[in-house]
Amino acid sequence: MTKASVGPRLIRPTWAEIDVNAFRHNLAAVADHLPRRVKIMAVLKADGYGHGASPLAKAASVLGNRLWGFGVSSVEEGVALREAGLKEKILVLGSLFPFDSFDTVLDHHLIPTVASRASASALVQRAQRRGRPAPCHLKIDTGMGRIGMSPEAFASFPKNPWLQVDGIYTHLACADSASVTAHQLKLFNQTIKGFEKRGESPHVGNSGGVLARPASHYSLVRPGLVLYGIVPWPALGRTIDLRPVLSWKTRVVFLKTVPKGTPLSYGWTWRTRRRSRIATLPVGYADGYRRDLSNKGQVLVKGRRCPVVGRVTMDQILVDVSGLTGVEVGEEVVLLGRQGRDQVRAEEMADWAKTISYEILCGISKRVPRVLT
Ligand SMILES: Cc1ncc(COP(=O)(O)O)c(C=O)c1O
């Protein structure tokens, strides 16, 4: 099963399996879904949404010339991909500050986002010092309200021969709303009129845009979540065949039978309703198994769902395995992913924890080794 592991050595039996072939499959499915002229910037922010960015970046070569390159959150993430040997284009999607970080960006041939006049001037200074124009993408804020020039600020943004503007982009705030997206795209198109003809690629579409908003495609898209096998809202599940890339597993480390009425874990928020067989699993909120899953989460043991009982603690959780026969210490348990005919999906875990699948995936902490399968 195991080809390589990323992160700490696997001794404690709690790990995440990363199915690199599923990632390749998802890339190909996304490419097939789009017109052939559209290239893909694979978004690998937050260390590839918690999966480990560099093995996935390497696998993305499966796209051939449909792969534009990668989008990352920060300079550090871009440098990590360069250090792992990736040669493709890498756009740093975050706003850069302090401005000294532009030096690191240029040293590593990363492409910075220019989101303000001040950042443009800082980049120009460095380009002049190096004697050649600096590549960059400009960011316009059409409604996300995070970073980017307003359309008005962009209208008076001075052209500068030291800035090699290769791209211009905005981000959708509500891809699940056709009307908000139409409004943002209208504003974007008005703002960038004339730019596309000069070779600067506009790009907008995130996963929701890729699957549901063709007007956001242009000739480059920036999907993240779908590449990890998850759709941003349920109805999109019917539009494309995706495979979850990450499974999260552990093993029973302790087992006991307790009488009816036994209180369990911190705060005694759970009491057994009958004589129960309780398994202890070595995973907790320090691994990203969220405390909100206390008395709500479910795990798969022998292909059957078993409830998390009592509070999730920092390093351990308890599950009720009453009714299952043959469960022993060492039994494999699936926290996320498939076992037998059943599957716990990130979307489902996110619902239990009242969050989104993105946060579940990114939240699996560094102490959980990622094992490539
Ligand atoms: C600027 C930008 N582009 C693209 C993406 C990818 O979004 P998604 O994962 O919804 O496809 C993100 C992620 O948040 C982003 O911040």
# chains A, B, ... in the order shown; residues from 1 in each chain; ligands from 1
>>> residues_near_ligand(ligand="ligand 1", cutoff="6 Å", atoms="only C-alpha atoms and all ligand atoms", output="list in words")
Val43, Leu93, His171, Asn206, Ser207, Arg222, Pro223, Gly224 and Leu225 of chain A
>>> closest_atom_pairs(of="stretch 204-255 of chain A", to="stretch 48-66 of chain A", cutoff="12 Å", atoms="only C-alpha atoms", output="CSV")
residue,atom,partner,partner_atom,distance
A:Ser219,CA,A:Arg66,CA,10.2
A:Leu220,CA,A:Arg66,CA,9.3
A:Val221,CA,A:Arg66,CA,10.6
A:Pro223,CA,A:Gly48,CA,11.6
A:Gly224,CA,A:Tyr49,CA,7.9
A:Leu225,CA,A:Tyr49,CA,7.7
A:Val226,CA,A:Tyr49,CA,10.9
A:Leu227,CA,A:Gly48,CA,9.7
A:Tyr228,CA,A:Tyr49,CA,8.0
A:Gly229,CA,A:Tyr49,CA,11.3
A:Ile230,CA,A:Tyr49,CA,11.3
A:Pro244,CA,A:His51,CA,11.0
A:Val245,CA,A:His51,CA,8.1
A:Leu246,CA,A:His51,CA,6.9
A:Ser247,CA,A:His51,CA,9.8
A:Trp248,CA,A:His51,CA,10.7
>>> write_last_selection(atoms="N, CA and C atoms", output="PDB file, in the first residue's frame")
ATOM      1  N   SER A 219      -9.562  31.909 -20.603  1.00  0.00           N
ATOM      2  CA  SER A 219      -8.706  30.824 -21.115  1.00  0.00           C
ATOM      3  C   SER A 219      -7.862  30.223 -19.996  1.00  0.00           C
ATOM      4  N   LEU A 220      -8.214  30.548 -18.746  1.00  0.00           N
ATOM      5  CA  LEU A 220      -7.488  30.013 -17.595  1.00  0.00           C
ATOM      6  C   LEU A 220      -8.432  29.992 -16.392  1.00  0.00           C
ATOM      7  N   VAL A 221      -8.398  28.880 -15.639  1.00  0.00           N
ATOM      8  CA  VAL A 221      -9.228  28.790 -14.423  1.00  0.00           C
ATOM      9  C   VAL A 221      -8.344  28.406 -13.239  1.00  0.00           C
ATOM     10  N   PRO A 223      -9.078  26.208 -10.220  1.00  0.00           N
ATOM     11  CA  PRO A 223      -9.789  25.322  -9.297  1.00  0.00           C
ATOM     12  C   PRO A 223      -8.894  24.804  -8.179  1.00  0.00           C
ATOM     13  N   GLY A 224      -9.484  24.652  -7.015  1.00  0.00           N
ATOM     14  CA  GLY A 224      -8.807  24.020  -5.885  1.00  0.00           C
ATOM     15  C   GLY A 224      -9.606  22.803  -5.468  1.00  0.00           C
ATOM     16  N   LEU A 225     -10.665  23.029  -4.700  1.00  0.00           N
ATOM     17  CA  LEU A 225     -11.411  21.948  -4.042  1.00  0.00           C
ATOM     18  C   LEU A 225     -11.736  20.751  -4.941  1.00  0.00           C
ATOM     19  N   VAL A 226     -12.198  21.023  -6.174  1.00  0.00           N
ATOM     20  CA  VAL A 226     -12.602  19.888  -7.033  1.00  0.00           C
ATOM     21  C   VAL A 226     -11.442  18.949  -7.319  1.00  0.00           C
ATOM     22  N   LEU A 227     -10.239  19.496  -7.343  1.00  0.00           N
ATOM     23  CA  LEU A 227      -9.082  18.642  -7.648  1.00  0.00           C
ATOM     24  C   LEU A 227      -8.850  17.628  -6.535  1.00  0.00           C
ATOM     25  N   TYR A 228      -9.347  17.944  -5.337  1.00  0.00           N
ATOM     26  CA  TYR A 228      -9.210  17.024  -4.205  1.00  0.00           C
ATOM     27  C   TYR A 228     -10.429  16.099  -4.113  1.00  0.00           C
ATOM     28  N   GLY A 229     -11.317  16.226  -5.091  1.00  0.00           N
ATOM     29  CA  GLY A 229     -12.417  15.269  -5.205  1.00  0.00           C
ATOM     30  C   GLY A 229     -13.700  15.695  -4.535  1.00  0.00           C
ATOM     31  N   ILE A 230     -13.827  16.987  -4.276  1.00  0.00           N
ATOM     32  CA  ILE A 230     -14.994  17.456  -3.518  1.00  0.00           C
ATOM     33  C   ILE A 230     -15.631  18.628  -4.261  1.00  0.00           C
ATOM     34  N   PRO A 244     -12.548  11.433  -4.042  1.00  0.00           N
ATOM     35  CA  PRO A 244     -11.828  12.041  -2.912  1.00  0.00           C
ATOM     36  C   PRO A 244     -10.392  11.524  -2.868  1.00  0.00           C
ATOM     37  N   VAL A 245      -9.467  12.453  -2.653  1.00  0.00           N
ATOM     38  CA  VAL A 245      -8.041  12.105  -2.702  1.00  0.00           C
ATOM     39  C   VAL A 245      -7.549  11.648  -1.327  1.00  0.00           C
ATOM     40  N   LEU A 246      -8.145  12.182  -0.285  1.00  0.00           N
ATOM     41  CA  LEU A 246      -7.618  11.927   1.067  1.00  0.00           C
ATOM     42  C   LEU A 246      -8.521  10.966   1.849  1.00  0.00           C
ATOM     43  N   SER A 247      -7.901   9.978   2.471  1.00  0.00           N
ATOM     44  CA  SER A 247      -8.601   9.154   3.469  1.00  0.00           C
ATOM     45  C   SER A 247      -7.829   9.310   4.771  1.00  0.00           C
ATOM     46  N   TRP A 248      -8.556   9.289   5.870  1.00  0.00           N
ATOM     47  CA  TRP A 248      -7.915   9.505   7.177  1.00  0.00           C
ATOM     48  C   TRP A 248      -8.215   8.275   8.026  1.00  0.00           C
TER      49      TRP A 248
END
>>> atom_distance(atom1="atom CA of A:Val210", atom2="atom CA of A:Asp241")
13.7 Å
>>> atom_distance(atom1="atom CA of A:Gly209", atom2="atom CA of A:Ala22")
21.3 Å
>>> closest_atom_pairs(of="stretch 187-243 of chain A", to="stretch 177-182 of chain A", cutoff="12 Å", atoms="only C-alpha atoms", output="CSV")
residue,atom,partner,partner_atom,distance
A:Leu187,CA,A:Ala182,CA,8.6
A:Phe188,CA,A:Ala182,CA,9.7
A:Asn189,CA,A:Ala182,CA,10.4
A:Val204,CA,A:Thr181,CA,10.2
A:Gly205,CA,A:Thr181,CA,10.0
A:Asn206,CA,A:Thr181,CA,11.4
A:Gly208,CA,A:Ser177,CA,9.6
A:Gly209,CA,A:Thr181,CA,8.6
A:Ala212,CA,A:Ala178,CA,8.6
A:Arg213,CA,A:Ala178,CA,7.6
A:Pro214,CA,A:Ala182,CA,10.7
A:Ala215,CA,A:Ala182,CA,8.2
A:Ser216,CA,A:Thr181,CA,8.5
A:Trp233,CA,A:Ser177,CA,11.0
>>> select_by_dssp(residues="stretch 239-299 of chain A", states="strand (DSSP E or B)", output="list in words")
Leu246, Ser247, Trp248, Lys249, Thr250, Arg251, Phe254, Leu255, Lys256, Thr257, Val258, Pro263, Leu264, Trp270, Arg271, Ser276, Arg277, Ile278, Ala279, Thr280, Leu281, Gln298 and Val299 of chain A
>>> select_by_dssp(residues="stretch 40-249 of chain A", states="helix (DSSP H, G or I)", output="number ranges by chain")
A: 45-49, 53-66, 75-83, 101-107, 117-130, 151-155, 178-191, 196-198, 207-212, 214-216, 225-228, 234-238
>>> residues_around(residues="stretch 339-356 of chain A", least_positions_apart="5", cutoff="6 Å", atoms="only C-alpha atoms", output="ChimeraX atom specification")
/A:292-293,303
>>> atom_distance(atom1="atom CA of A:Asp100", atom2="atom CA of A:Ala153")
23.7 Å
>>> residues_around(residues="A:Gly261", least_positions_apart="2", cutoff="12 Å", atoms="only C-alpha atoms", output="ChimeraX atom specification")
/A:258-259,263-264,268-276
>>> write_last_selection(atoms="C-alpha atoms", output="CSV table (one decimal), in the first residue's frame")
chain,number,residue,atom,x,y,z
A,258,VAL,CA,-18.7,-0.8,30.5
A,259,PRO,CA,-22.0,-1.1,32.2
A,263,PRO,CA,-20.1,8.5,31.9
A,264,LEU,CA,-17.4,9.0,29.3
A,268,TRP,CA,-19.3,13.6,31.2
A,269,THR,CA,-21.4,14.7,28.3
A,270,TRP,CA,-22.2,11.1,27.4
A,271,ARG,CA,-23.5,8.1,29.4
A,272,THR,CA,-23.8,4.7,27.9
A,273,ARG,CA,-27.5,3.7,27.4
A,274,ARG,CA,-26.7,0.0,27.7
A,275,ARG,CA,-23.8,-2.3,28.5
A,276,SER,CA,-21.3,-1.0,25.8
>>> residues_around(residues="A:Thr14", least_positions_apart="4", cutoff="10 Å", atoms="only C-alpha atoms", output="list in words")
Leu10, Trp248, Lys249, Thr250, Arg251, Val252, Leu281, Pro282, Val283, Asp287, Glu332, Val333, Val334, Leu335, Arg367, Val368, Pro369 and Arg370 of chain A
